[in-house]
$ cat protein_34.txt   # compact mmCIF, C-alpha atoms and all ligand atoms
# COMPACT_ATOMS: atom_id res chain seq x y z
CA MET Z 1 95.97 88.94 93.81
CA ARG Z 2 94.25 89.83 97.09
CA LEU Z 3 92.46 93.17 97.22
CA GLU Z 4 94.31 94.49 100.31
CA LYS Z 5 97.69 93.46 98.91
CA TYR Z 6 97.07 95.26 95.63
CA ILE Z 7 96.01 98.46 97.39
CA ALA Z 8 99.02 98.23 99.73
CA SER Z 9 101.36 97.74 96.76
CA ALA Z 10 100.11 101.05 95.39
CA GLY Z 11 101.61 102.72 98.44
CA ILE Z 12 98.41 104.29 99.75
CA ALA Z 13 98.63 103.27 103.39
CA SER Z 14 99.87 100.49 105.63
CA ARG Z 15 98.31 97.08 105.17
CA ARG Z 16 96.75 97.22 108.62
CA ALA Z 17 95.02 100.54 107.84
CA ILE Z 18 93.90 99.24 104.45
CA LYS Z 19 92.34 96.10 105.95
CA ARG Z 20 90.38 98.20 108.40
CA ALA Z 21 89.24 100.61 105.68
CA ILE Z 22 88.08 97.73 103.43
CA ARG Z 23 86.03 96.25 106.28
CA GLU Z 24 84.50 99.68 106.80
CA GLY Z 25 83.28 99.74 103.19
CA ASN Z 26 85.89 102.01 101.61
CA ALA Z 27 86.93 99.79 98.70
CA SER Z 28 85.15 98.70 95.55
CA VAL Z 29 85.87 96.33 92.68
CA ASN Z 30 84.15 97.22 89.39
CA GLY Z 31 81.70 99.44 91.25
CA THR Z 32 80.71 96.91 93.93
CA THR Z 33 81.74 97.59 97.52
CA ILE Z 34 83.87 94.73 98.83
CA LEU Z 35 84.23 94.22 102.58
CA ILE Z 36 86.65 91.28 102.45
CA PRO Z 37 90.35 92.27 102.48
CA GLY Z 38 91.38 88.95 100.91
CA TYR Z 39 88.92 89.25 98.01
CA PRO Z 40 90.62 87.95 94.82
CA ILE Z 41 91.07 90.48 92.03
CA ASP Z 42 92.40 90.43 88.49
CA VAL Z 43 94.98 93.22 88.31
CA GLU Z 44 94.72 93.35 84.50
CA LYS Z 45 90.97 93.70 84.20
CA ASP Z 46 89.39 94.88 87.46
CA CYS Z 47 88.83 98.52 88.34
CA ILE Z 48 89.74 99.04 92.00
CA ARG Z 49 88.71 102.12 93.93
CA PHE Z 50 89.83 102.90 97.47
CA GLU Z 51 88.54 105.79 99.57
CA GLY Z 52 86.94 107.32 96.50
CA ARG Z 53 89.98 107.15 94.19
CA GLN Z 54 91.07 104.73 91.52
CA VAL Z 55 94.09 102.72 92.61
CA GLU Z 56 97.01 102.74 90.18
CA PRO Z 57 99.83 100.24 90.56
CA LEU Z 58 102.96 101.77 91.96
CA THR Z 59 106.20 101.84 90.06
CA GLU Z 60 108.88 103.48 92.21
CA ARG Z 61 109.37 102.34 95.79
CA ILE Z 62 110.77 104.76 98.32
CA TYR Z 63 112.45 103.89 101.63
CA LEU Z 64 113.99 106.53 103.84
CA MET Z 65 114.93 107.28 107.42
CA LEU Z 66 114.43 110.53 109.30
CA ASN Z 67 116.20 111.63 112.47
CA LYS Z 68 113.05 112.93 114.14
CA PRO Z 69 113.46 115.87 116.52
CA ALA Z 70 111.21 116.20 119.59
CA GLY Z 71 108.08 118.28 119.03
CA TYR Z 72 106.87 116.69 115.77
CA ILE Z 73 103.83 114.43 115.63
CA THR Z 74 104.11 111.13 113.77
CA THR Z 75 101.15 111.48 111.45
CA ARG Z 76 100.58 112.42 107.83
CA HIS Z 77 98.23 115.24 108.72
CA ASP Z 78 97.29 116.95 111.95
CA GLU Z 79 93.80 118.42 112.12
CA ARG Z 80 95.01 121.05 114.59
CA GLY Z 81 97.82 122.18 112.31
CA ARG Z 82 100.66 121.20 114.65
CA PRO Z 83 104.09 120.35 113.19
CA THR Z 84 104.20 116.81 111.81
CA VAL Z 85 107.07 114.61 110.66
CA MET Z 86 105.86 115.18 107.08
CA ASP Z 87 106.93 118.84 107.39
CA LEU Z 88 110.54 117.61 107.51
CA LEU Z 89 110.30 115.66 104.25
CA THR Z 90 110.59 118.16 101.45
CA ASP Z 91 110.47 117.40 97.71
CA LEU Z 92 109.12 113.88 98.17
CA PRO Z 93 106.00 112.23 96.75
CA LYS Z 94 102.92 112.56 98.95
CA SER Z 95 102.45 108.79 98.88
CA ILE Z 96 105.06 108.07 101.59
CA TYR Z 97 104.05 107.54 105.20
CA PRO Z 98 105.73 106.69 108.50
CA VAL Z 99 106.30 103.05 109.46
CA GLY Z 100 105.09 102.87 113.05
CA ARG Z 101 105.42 105.90 115.27
CA LEU Z 102 107.51 107.80 117.76
CA ASP Z 103 105.64 109.90 120.26
CA LEU Z 104 105.71 113.70 120.20
CA GLU Z 105 108.74 114.13 122.45
CA THR Z 106 110.68 111.07 121.25
CA GLU Z 107 113.59 111.60 118.88
CA GLY Z 108 115.55 109.49 116.47
CA LEU Z 109 115.11 106.84 113.82
CA LEU Z 110 111.79 106.87 111.99
CA LEU Z 111 111.28 105.00 108.72
CA PHE Z 112 109.09 106.09 105.82
CA THR Z 113 108.00 104.21 102.74
CA ASN Z 114 105.31 103.94 100.11
CA ASP Z 115 105.64 100.14 100.13
CA GLY Z 116 102.65 98.89 102.08
CA GLU Z 117 103.82 95.30 102.14
CA PHE Z 118 107.23 96.28 103.56
CA ALA Z 119 105.61 98.46 106.26
CA TYR Z 120 103.18 95.70 107.19
CA GLN Z 121 105.90 93.08 107.52
CA LEU Z 122 108.12 95.35 109.57
CA MET Z 123 105.34 96.29 111.96
CA HIS Z 124 103.89 92.84 112.40
CA PRO Z 125 104.31 91.75 116.05
CA SER Z 126 105.08 88.16 115.04
CA HIS Z 127 108.41 89.29 113.51
CA GLU Z 128 109.62 90.68 116.85
CA ILE Z 129 112.09 93.12 115.30
CA ASP Z 130 114.37 94.64 117.95
CA LYS Z 131 114.25 98.39 118.45
CA THR Z 132 117.02 100.07 120.42
CA TYR Z 133 116.45 103.26 122.41
CA ILE Z 134 118.62 105.51 124.52
CA ALA Z 135 116.69 106.74 127.57
CA TRP Z 136 117.86 109.52 129.89
CA VAL Z 137 116.17 108.79 133.19
CA ASN Z 138 115.87 110.59 136.55
CA GLY Z 139 117.84 108.53 139.05
CA VAL Z 140 119.44 105.08 138.84
CA LEU Z 141 117.16 102.05 139.07
CA ASN Z 142 117.78 99.68 141.92
CA LYS Z 143 118.57 96.04 141.21
CA ARG Z 144 115.03 94.87 141.81
CA SER Z 145 113.45 97.46 139.47
CA LEU Z 146 115.98 96.63 136.78
CA GLU Z 147 115.22 92.93 137.11
CA ARG Z 148 111.49 93.63 136.90
CA LEU Z 149 111.93 95.67 133.71
CA ARG Z 150 114.09 92.93 132.24
CA ASN Z 151 111.45 90.30 132.95
CA GLY Z 152 108.42 92.35 131.91
CA VAL Z 153 106.15 94.72 133.80
CA GLU Z 154 102.49 95.63 133.73
CA ILE Z 155 101.80 98.92 131.90
CA THR Z 156 98.74 100.37 130.18
CA GLY Z 157 98.41 98.06 127.20
CA GLY Z 158 99.42 94.88 129.04
CA LYS Z 159 102.52 93.14 130.34
CA THR Z 160 105.72 93.93 128.47
CA ALA Z 161 107.88 91.18 127.01
CA PRO Z 162 111.38 90.68 128.46
CA ALA Z 163 113.61 93.66 127.63
CA ASN Z 164 117.36 94.11 127.37
CA ILE Z 165 118.43 97.06 129.55
CA LYS Z 166 121.93 98.32 130.17
CA LEU Z 167 123.17 101.27 132.22
CA LEU Z 168 125.54 103.31 130.03
CA ASP Z 169 126.33 106.40 132.06
CA VAL Z 170 125.45 108.36 135.21
CA LYS Z 171 125.68 112.15 135.47
CA ASN Z 172 124.98 114.70 138.18
CA ALA Z 173 121.81 116.67 137.59
CA LEU Z 174 122.58 119.87 139.49
CA ASN Z 175 121.61 123.41 138.58
CA MET Z 176 124.84 125.01 137.35
CA PHE Z 177 124.32 128.20 139.40
CA THR Z 178 122.56 127.11 142.59
CA LYS Z 179 124.08 123.59 142.63
CA LYS Z 180 120.67 122.32 143.74
CA LYS Z 181 119.36 118.99 142.47
CA THR Z 182 117.22 119.35 139.31
CA ASN Z 183 115.41 116.11 140.14
CA LYS Z 184 114.91 114.36 143.46
CA TYR Z 185 117.92 112.09 142.89
CA GLY Z 186 120.33 114.75 141.66
CA ILE Z 187 121.26 112.24 138.98
CA VAL Z 188 120.39 111.45 135.36
CA ALA Z 189 121.18 107.92 134.22
CA LYS Z 190 121.55 106.92 130.58
CA TYR Z 191 120.18 103.49 129.65
CA ARG Z 192 120.19 101.46 126.45
CA VAL Z 193 116.85 99.68 126.10
CA ILE Z 194 116.11 96.99 123.50
CA ILE Z 195 112.50 95.92 123.01
CA HIS Z 196 110.66 94.27 120.16
CA GLU Z 197 107.15 95.41 120.92
CA GLY Z 198 105.46 98.68 120.08
CA LYS Z 199 103.06 99.37 122.92
CA LYS Z 200 102.05 103.01 123.22
CA ARG Z 201 104.72 105.03 125.09
CA GLN Z 202 106.25 101.73 126.09
CA VAL Z 203 109.72 102.81 127.23
CA ARG Z 204 108.42 105.82 129.15
CA LEU Z 205 105.73 103.72 130.83
CA MET Z 206 108.17 100.94 131.74
CA PHE Z 207 110.37 103.36 133.69
CA LYS Z 208 107.33 105.14 135.09
CA ALA Z 209 106.08 101.81 136.45
CA MET Z 210 109.34 101.68 138.47
CA GLY Z 211 108.84 105.27 139.69
CA HIS Z 212 111.39 106.88 137.36
CA ARG Z 213 110.79 109.55 134.76
CA VAL Z 214 112.29 109.44 131.26
CA ASN Z 215 113.53 112.96 130.43
CA ARG Z 216 114.66 112.25 126.93
CA LEU Z 217 114.19 109.29 124.60
CA LYS Z 218 115.87 108.55 121.30
CA ARG Z 219 115.53 105.53 119.00
CA ILE Z 220 118.87 104.63 117.45
CA ARG Z 221 118.24 101.32 115.76
CA ILE Z 222 115.50 99.18 114.13
CA GLY Z 223 116.60 95.61 113.45
CA THR Z 224 119.89 95.93 111.55
CA LEU Z 225 119.32 99.56 110.62
CA ARG Z 226 121.22 102.22 112.60
CA LEU Z 227 120.51 105.93 112.80
CA GLY Z 228 124.27 106.61 112.74
CA ASN Z 229 125.30 110.25 112.49
CA LEU Z 230 122.35 111.51 110.46
CA PRO Z 231 121.79 115.08 111.74
CA GLN Z 232 118.58 115.82 113.63
CA GLY Z 233 115.70 116.88 111.36
CA GLN Z 234 117.43 115.40 108.27
CA TYR Z 235 116.48 112.39 106.20
CA ARG Z 236 118.29 110.05 103.84
CA PHE Z 237 117.29 107.22 101.52
CA LEU Z 238 118.10 103.68 102.57
CA THR Z 239 120.59 101.73 100.49
CA PRO Z 240 119.26 98.63 98.66
CA ALA Z 241 121.25 96.49 101.11
CA GLU Z 242 119.62 98.21 104.10
CA VAL Z 243 116.17 97.62 102.61
CA ALA Z 244 116.97 93.97 101.86
CA ASN Z 245 118.23 93.41 105.41
CA LEU Z 246 115.03 94.81 106.88
CA LYS Z 247 112.81 92.60 104.76
CA VAL Z 248 111.75 89.60 106.80
N1 LIG Y 301 108.59 104.15 123.71
C1 LIG Y 301 108.12 105.36 124.07
O1 LIG Y 301 107.86 105.59 125.25
N2 LIG Y 301 107.94 106.27 123.13
C2 LIG Y 301 108.22 106.08 121.82
O2 LIG Y 301 108.06 106.97 121.00
C3 LIG Y 301 108.73 104.82 121.47
C4 LIG Y 301 108.89 103.88 122.42
$ encode --input "protein_34.txt" --output "structure tokens"
Amino acid sequence: MRLEKYIASAGIASRRAIKRAIREGNASVNGTTILIPGYPIDVEKDCIRFEGRQVEPLTERIYLMLNKPAGYITTRHDERGRPTVMDLLTDLPKSIYPVGRLDLETEGLLLFTNDGEFAYQLMHPSHEIDKTYIAWVNGVLNKRSLERLRNGVEITGGKTAPANIKLLDVKNALNMFTKKKTNKYGIVAKYRVIIHEGKKRQVRLMFKAMGHRVNRLKRIRIGTLRLGNLPQGQYRFLTPAEVANLKV
């Protein structure tokens, strides 16, 4: 078996992170540092160490979804002690980690696992798994802006791939007492956005590139998996069928 695959199967980190760590000299086989992620190992005989610890094969695989509230960072540990998504996962093994990320203020569907291979496959750009978001945006986009977003726009991180965008609802955004506009349009529009990439702050930056601000963003679906009515801040395990459907 390949070194990186074995370490990933032990549920230590995502395959991408493991590859990087191996190249940086953080893995050894029988006491010798190995810098090649694909290095062949004998799982029966070899002693593998990763980031200073012996790697034991994993037995139980865990897959769960969290309905992330705004205000939690997607990381396993924050140096500055801010709330992280891990704070919402009580009574679970420490070996689980988030698959991909939602930014601090983004809500909704976030997956966790200790299955490195599963996380790697799901995140790999070549698989182009659709992710569906609901975006509450200041103002309604004009036809031209909408067309540009649908075709792809330039944001930090490069040009976005074609996106599926649908206007779902339009509401007045007026202060309930003064009746003054709470944004320059006096309107908040609700859009459904489907993308398959994961550029940093992609949905927010796409609307920003058209001059519109996203007030609230929620991910409701990854591939075939829906957030459904899972309450905010709660998690649940995926069913075997849900896991199988996500495997590509
Ligand atoms: N797009 C964003 O802008 N933020 C996220 O968290 C996910 C997608």
$ closest_atom_pairs --input "protein_34.txt" --of "chain Z" --to "ligand LIG 301 (chain Y)" --cutoff "12 Å" --atoms "only C-alpha atoms and all ligand atoms" --output "CSV"
residue,atom,partner,partner_atom,distance
Z:Lys68,CA,Y:LIG301,O2,10.4
Z:Pro69,CA,Y:LIG301,O2,11.3
Z:Ala70,CA,Y:LIG301,O2,9.9
Z:Gly71,CA,Y:LIG301,O2,11.5
Z:Tyr72,CA,Y:LIG301,O2,11.1
Z:Ile73,CA,Y:LIG301,O2,10.1
Z:Thr74,CA,Y:LIG301,O2,9.2
Z:Gly100,CA,Y:LIG301,C3,9.4
Z:Arg101,CA,Y:LIG301,O2,6.4
Z:Leu102,CA,Y:LIG301,O2,3.4
Z:Asp103,CA,Y:LIG301,O2,3.9
Z:Leu104,CA,Y:LIG301,O2,7.2
Z:Glu105,CA,Y:LIG301,O2,7.3
Z:Thr106,CA,Y:LIG301,O2,4.9
Z:Glu107,CA,Y:LIG301,O2,7.5
Z:Gly108,CA,Y:LIG301,O2,9.1
Z:Leu109,CA,Y:LIG301,O2,10.1
Z:Leu110,CA,Y:LIG301,O2,9.8
Z:Asp130,CA,Y:LIG301,C4,11.6
Z:Lys131,CA,Y:LIG301,C4,8.6
Z:Thr132,CA,Y:LIG301,C4,9.2
Z:Tyr133,CA,Y:LIG301,C4,7.6
Z:Ile134,CA,Y:LIG301,C4,10.1
Z:Ala135,CA,Y:LIG301,O1,9.2
Z:Trp136,CA,Y:LIG301,O1,11.7
Z:Val137,CA,Y:LIG301,O1,11.9
Z:Ile155,CA,Y:LIG301,O1,11.2
Z:Thr156,CA,Y:LIG301,O1,11.6
Z:Thr160,CA,Y:LIG301,N1,11.6
Z:Val193,CA,Y:LIG301,N1,9.7
Z:Ile194,CA,Y:LIG301,C4,10.0
Z:Ile195,CA,Y:LIG301,C4,8.8
Z:His196,CA,Y:LIG301,C4,10.0
Z:Glu197,CA,Y:LIG301,C4,8.8
Z:Gly198,CA,Y:LIG301,C4,6.7
Z:Lys199,CA,Y:LIG301,N1,7.4
Z:Lys200,CA,Y:LIG301,C1,6.6
Z:Arg201,CA,Y:LIG301,O1,3.2
Z:Gln202,CA,Y:LIG301,N1,4.1
Z:Val203,CA,Y:LIG301,O1,3.9
Z:Arg204,CA,Y:LIG301,O1,3.9
Z:Leu205,CA,Y:LIG301,O1,6.3
Z:Met206,CA,Y:LIG301,O1,8.0
Z:Phe207,CA,Y:LIG301,O1,9.1
Z:Lys208,CA,Y:LIG301,O1,9.9
Z:Ala209,CA,Y:LIG301,O1,12.0
Z:Arg213,CA,Y:LIG301,O1,10.7
Z:Val214,CA,Y:LIG301,O1,8.4
Z:Asn215,CA,Y:LIG301,O1,10.6
Z:Arg216,CA,Y:LIG301,O1,9.7
Z:Leu217,CA,Y:LIG301,N2,7.1
Z:Lys218,CA,Y:LIG301,O2,8.0
Z:Arg219,CA,Y:LIG301,C3,7.3
Z:Ile220,CA,Y:LIG301,C3,10.9
Z:Arg221,CA,Y:LIG301,C3,11.6
Z:Ile222,CA,Y:LIG301,C3,11.5
$ residues_around --input "protein_34.txt" --residues "segment 115-125 of chain Z" --least-positions-apart "4" --cutoff "10 Å" --atoms "only C-alpha atoms" --output "PyMOL selection string"
chain Z and resi 4-18+58+60-63+95-100+111+129+196-198+222-223+243+246-248
$ write_last_selection --input "protein_34.txt" --atoms "C-alpha atoms" --output "PDB file, in the coordinates of the input"
ATOM      1  CA  GLU Z   4      94.310  94.490 100.310  1.00  0.00           C
ATOM      2  CA  LYS Z   5      97.690  93.460  98.910  1.00  0.00           C
ATOM      3  CA  TYR Z   6      97.070  95.260  95.630  1.00  0.00           C
ATOM      4  CA  ILE Z   7      96.010  98.460  97.390  1.00  0.00           C
ATOM      5  CA  ALA Z   8      99.020  98.230  99.730  1.00  0.00           C
ATOM      6  CA  SER Z   9     101.360  97.740  96.760  1.00  0.00           C
ATOM      7  CA  ALA Z  10     100.110 101.050  95.390  1.00  0.00           C
ATOM      8  CA  GLY Z  11     101.610 102.720  98.440  1.00  0.00           C
ATOM      9  CA  ILE Z  12      98.410 104.290  99.750  1.00  0.00           C
ATOM     10  CA  ALA Z  13      98.630 103.270 103.390  1.00  0.00           C
ATOM     11  CA  SER Z  14      99.870 100.490 105.630  1.00  0.00           C
ATOM     12  CA  ARG Z  15      98.310  97.080 105.170  1.00  0.00           C
ATOM     13  CA  ARG Z  16      96.750  97.220 108.620  1.00  0.00           C
ATOM     14  CA  ALA Z  17      95.020 100.540 107.840  1.00  0.00           C
ATOM     15  CA  ILE Z  18      93.900  99.240 104.450  1.00  0.00           C
ATOM     16  CA  LEU Z  58     102.960 101.770  91.960  1.00  0.00           C
ATOM     17  CA  GLU Z  60     108.880 103.480  92.210  1.00  0.00           C
ATOM     18  CA  ARG Z  61     109.370 102.340  95.790  1.00  0.00           C
ATOM     19  CA  ILE Z  62     110.770 104.760  98.320  1.00  0.00           C
ATOM     20  CA  TYR Z  63     112.450 103.890 101.630  1.00  0.00           C
ATOM     21  CA  SER Z  95     102.450 108.790  98.880  1.00  0.00           C
ATOM     22  CA  ILE Z  96     105.060 108.070 101.590  1.00  0.00           C
ATOM     23  CA  TYR Z  97     104.050 107.540 105.200  1.00  0.00           C
ATOM     24  CA  PRO Z  98     105.730 106.690 108.500  1.00  0.00           C
ATOM     25  CA  VAL Z  99     106.300 103.050 109.460  1.00  0.00           C
ATOM     26  CA  GLY Z 100     105.090 102.870 113.050  1.00  0.00           C
ATOM     27  CA  LEU Z 111     111.280 105.000 108.720  1.00  0.00           C
ATOM     28  CA  ILE Z 129     112.090  93.120 115.300  1.00  0.00           C
ATOM     29  CA  HIS Z 196     110.660  94.270 120.160  1.00  0.00           C
ATOM     30  CA  GLU Z 197     107.150  95.410 120.920  1.00  0.00           C
ATOM     31  CA  GLY Z 198     105.460  98.680 120.080  1.00  0.00           C
ATOM     32  CA  ILE Z 222     115.500  99.180 114.130  1.00  0.00           C
ATOM     33  CA  GLY Z 223     116.600  95.610 113.450  1.00  0.00           C
ATOM     34  CA  VAL Z 243     116.170  97.620 102.610  1.00  0.00           C
ATOM     35  CA  LEU Z 246     115.030  94.810 106.880  1.00  0.00           C
ATOM     36  CA  LYS Z 247     112.810  92.600 104.760  1.00  0.00           C
ATOM     37  CA  VAL Z 248     111.750  89.600 106.800  1.00  0.00           C
TER      38      VAL Z 248
END
$ atom_distance --input "protein_34.txt" --atom1 "atom CA of Gly81 of chain Z" --atom2 "atom CA of Tyr235 of chain Z"
21.9 Å
$ atom_distance --input "protein_34.txt" --atom1 "atom CA of Gly31 of chain Z" --atom2 "atom CA of Arg53 of chain Z"
11.7 Å
$ closest_residue --input "protein_34.txt" --among "Z:Leu146, Z:Lys179, Z:Leu168, Z:Met1" --to "Lys45 of chain Z" --atoms "all atoms listed in the file"
Z:Met1
$ atom_distance --input "protein_34.txt" --atom1 "atom CA of Asp46 of chain Z" --atom2 "atom CA of Lys94 of chain Z"
25.1 Å
$ closest_residue --input "protein_34.txt" --among "Z:Asp91, Z:Glu51, Z:Asp169, Z:Asp42" --to "Val140 of chain Z" --atoms "only C-alpha atoms"
Z:Asp169
$ residues_around --input "protein_34.txt" --residues "Asn30 of chain Z" --least-positions-apart "6" --cutoff "9 Å" --atoms "only C-alpha atoms" --output "list in words"
Asp46, Cys47, Ile48 and Arg49 of chain Z
$ residues_around --input "protein_34.txt" --residues "Leu88 of chain Z" --least-positions-apart "2" --cutoff "9 Å" --atoms "all atoms listed in the file" --output "count of residues only"
9
$ closest_residue --input "protein_34.txt" --among "Z:Lys159, Z:Asp78, Z:Asn138, Z:Glu56" --to "Leu174 of chain Z" --atoms "only C-alpha atoms"
Z:Asn138
$ closest_residue --input "protein_34.txt" --among "Z:Ile187, Z:Ser126, Z:Arg76, Z:Leu89" --to "Asn175 of chain Z" --atoms "all atoms listed in the file"
Z:Ile187
$ build_atoms --input "protein_34.txt" --residues "segment 103-117 of chain Z" --atoms "N, CA, C and O atoms" --output "PDB file, keeping the file's coordinate frame"
ATOM      1  N   ASP Z 103     106.536 108.891 119.714  1.00  0.00           N
ATOM      2  CA  ASP Z 103     105.640 109.900 120.260  1.00  0.00           C
ATOM      3  C   ASP Z 103     106.245 111.296 120.193  1.00  0.00           C
ATOM      4  O   ASP Z 103     107.431 111.460 119.896  1.00  0.00           O
ATOM      5  N   LEU Z 104     105.374 112.282 120.430  1.00  0.00           N
ATOM      6  CA  LEU Z 104     105.710 113.700 120.200  1.00  0.00           C
ATOM      7  C   LEU Z 104     107.113 114.068 120.656  1.00  0.00           C
ATOM      8  O   LEU Z 104     107.886 114.676 119.923  1.00  0.00           O
ATOM      9  N   GLU Z 105     107.465 113.694 121.894  1.00  0.00           N
ATOM     10  CA  GLU Z 105     108.740 114.130 122.450  1.00  0.00           C
ATOM     11  C   GLU Z 105     109.901 113.172 122.163  1.00  0.00           C
ATOM     12  O   GLU Z 105     111.027 113.440 122.545  1.00  0.00           O
ATOM     13  N   THR Z 106     109.612 112.042 121.532  1.00  0.00           N
ATOM     14  CA  THR Z 106     110.680 111.070 121.250  1.00  0.00           C
ATOM     15  C   THR Z 106     111.419 111.450 119.971  1.00  0.00           C
ATOM     16  O   THR Z 106     110.826 111.942 119.016  1.00  0.00           O
ATOM     17  N   GLU Z 107     112.734 111.228 120.005  1.00  0.00           N
ATOM     18  CA  GLU Z 107     113.590 111.600 118.880  1.00  0.00           C
ATOM     19  C   GLU Z 107     114.096 110.336 118.168  1.00  0.00           C
ATOM     20  O   GLU Z 107     113.950 109.240 118.679  1.00  0.00           O
ATOM     21  N   GLY Z 108     114.771 110.575 117.061  1.00  0.00           N
ATOM     22  CA  GLY Z 108     115.550 109.490 116.470  1.00  0.00           C
ATOM     23  C   GLY Z 108     114.961 108.844 115.236  1.00  0.00           C
ATOM     24  O   GLY Z 108     114.194 109.455 114.485  1.00  0.00           O
ATOM     25  N   LEU Z 109     115.323 107.578 115.072  1.00  0.00           N
ATOM     26  CA  LEU Z 109     115.110 106.840 113.820  1.00  0.00           C
ATOM     27  C   LEU Z 109     113.636 106.536 113.539  1.00  0.00           C
ATOM     28  O   LEU Z 109     112.991 105.789 114.258  1.00  0.00           O
ATOM     29  N   LEU Z 110     113.161 107.132 112.448  1.00  0.00           N
ATOM     30  CA  LEU Z 110     111.790 106.870 111.990  1.00  0.00           C
ATOM     31  C   LEU Z 110     111.866 106.554 110.501  1.00  0.00           C
ATOM     32  O   LEU Z 110     112.467 107.299 109.734  1.00  0.00           O
ATOM     33  N   LEU Z 111     111.250 105.434 110.123  1.00  0.00           N
ATOM     34  CA  LEU Z 111     111.280 105.000 108.720  1.00  0.00           C
ATOM     35  C   LEU Z 111     110.042 105.506 107.983  1.00  0.00           C
ATOM     36  O   LEU Z 111     108.964 105.628 108.576  1.00  0.00           O
ATOM     37  N   PHE Z 112     110.217 105.721 106.690  1.00  0.00           N
ATOM     38  CA  PHE Z 112     109.090 106.090 105.820  1.00  0.00           C
ATOM     39  C   PHE Z 112     109.180 105.245 104.560  1.00  0.00           C
ATOM     40  O   PHE Z 112     110.271 104.912 104.092  1.00  0.00           O
ATOM     41  N   THR Z 113     108.023 104.950 104.001  1.00  0.00           N
ATOM     42  CA  THR Z 113     108.000 104.210 102.740  1.00  0.00           C
ATOM     43  C   THR Z 113     106.675 104.447 102.029  1.00  0.00           C
ATOM     44  O   THR Z 113     105.747 105.024 102.616  1.00  0.00           O
ATOM     45  N   ASN Z 114     106.607 104.007 100.784  1.00  0.00           N
ATOM     46  CA  ASN Z 114     105.310 103.940 100.110  1.00  0.00           C
ATOM     47  C   ASN Z 114     105.018 102.474  99.767  1.00  0.00           C
ATOM     48  O   ASN Z 114     104.162 102.183  98.968  1.00  0.00           O
ATOM     49  N   ASP Z 115     105.781 101.576 100.375  1.00  0.00           N
ATOM     50  CA  ASP Z 115     105.640 100.140 100.130  1.00  0.00           C
ATOM     51  C   ASP Z 115     104.843  99.527 101.284  1.00  0.00           C
ATOM     52  O   ASP Z 115     105.376  99.259 102.359  1.00  0.00           O
ATOM     53  N   GLY Z 116     103.561  99.358 101.034  1.00  0.00           N
ATOM     54  CA  GLY Z 116     102.650  98.890 102.080  1.00  0.00           C
ATOM     55  C   GLY Z 116     103.008  97.523 102.625  1.00  0.00           C
ATOM     56  O   GLY Z 116     102.898  97.265 103.822  1.00  0.00           O
ATOM     57  N   GLU Z 117     103.473  96.657 101.737  1.00  0.00           N
ATOM     58  CA  GLU Z 117     103.820  95.300 102.140  1.00  0.00           C
ATOM     59  C   GLU Z 117     105.031  95.329 103.095  1.00  0.00           C
ATOM     60  O   GLU Z 117     105.054  94.671 104.134  1.00  0.00           O
TER      61      GLU Z 117
END
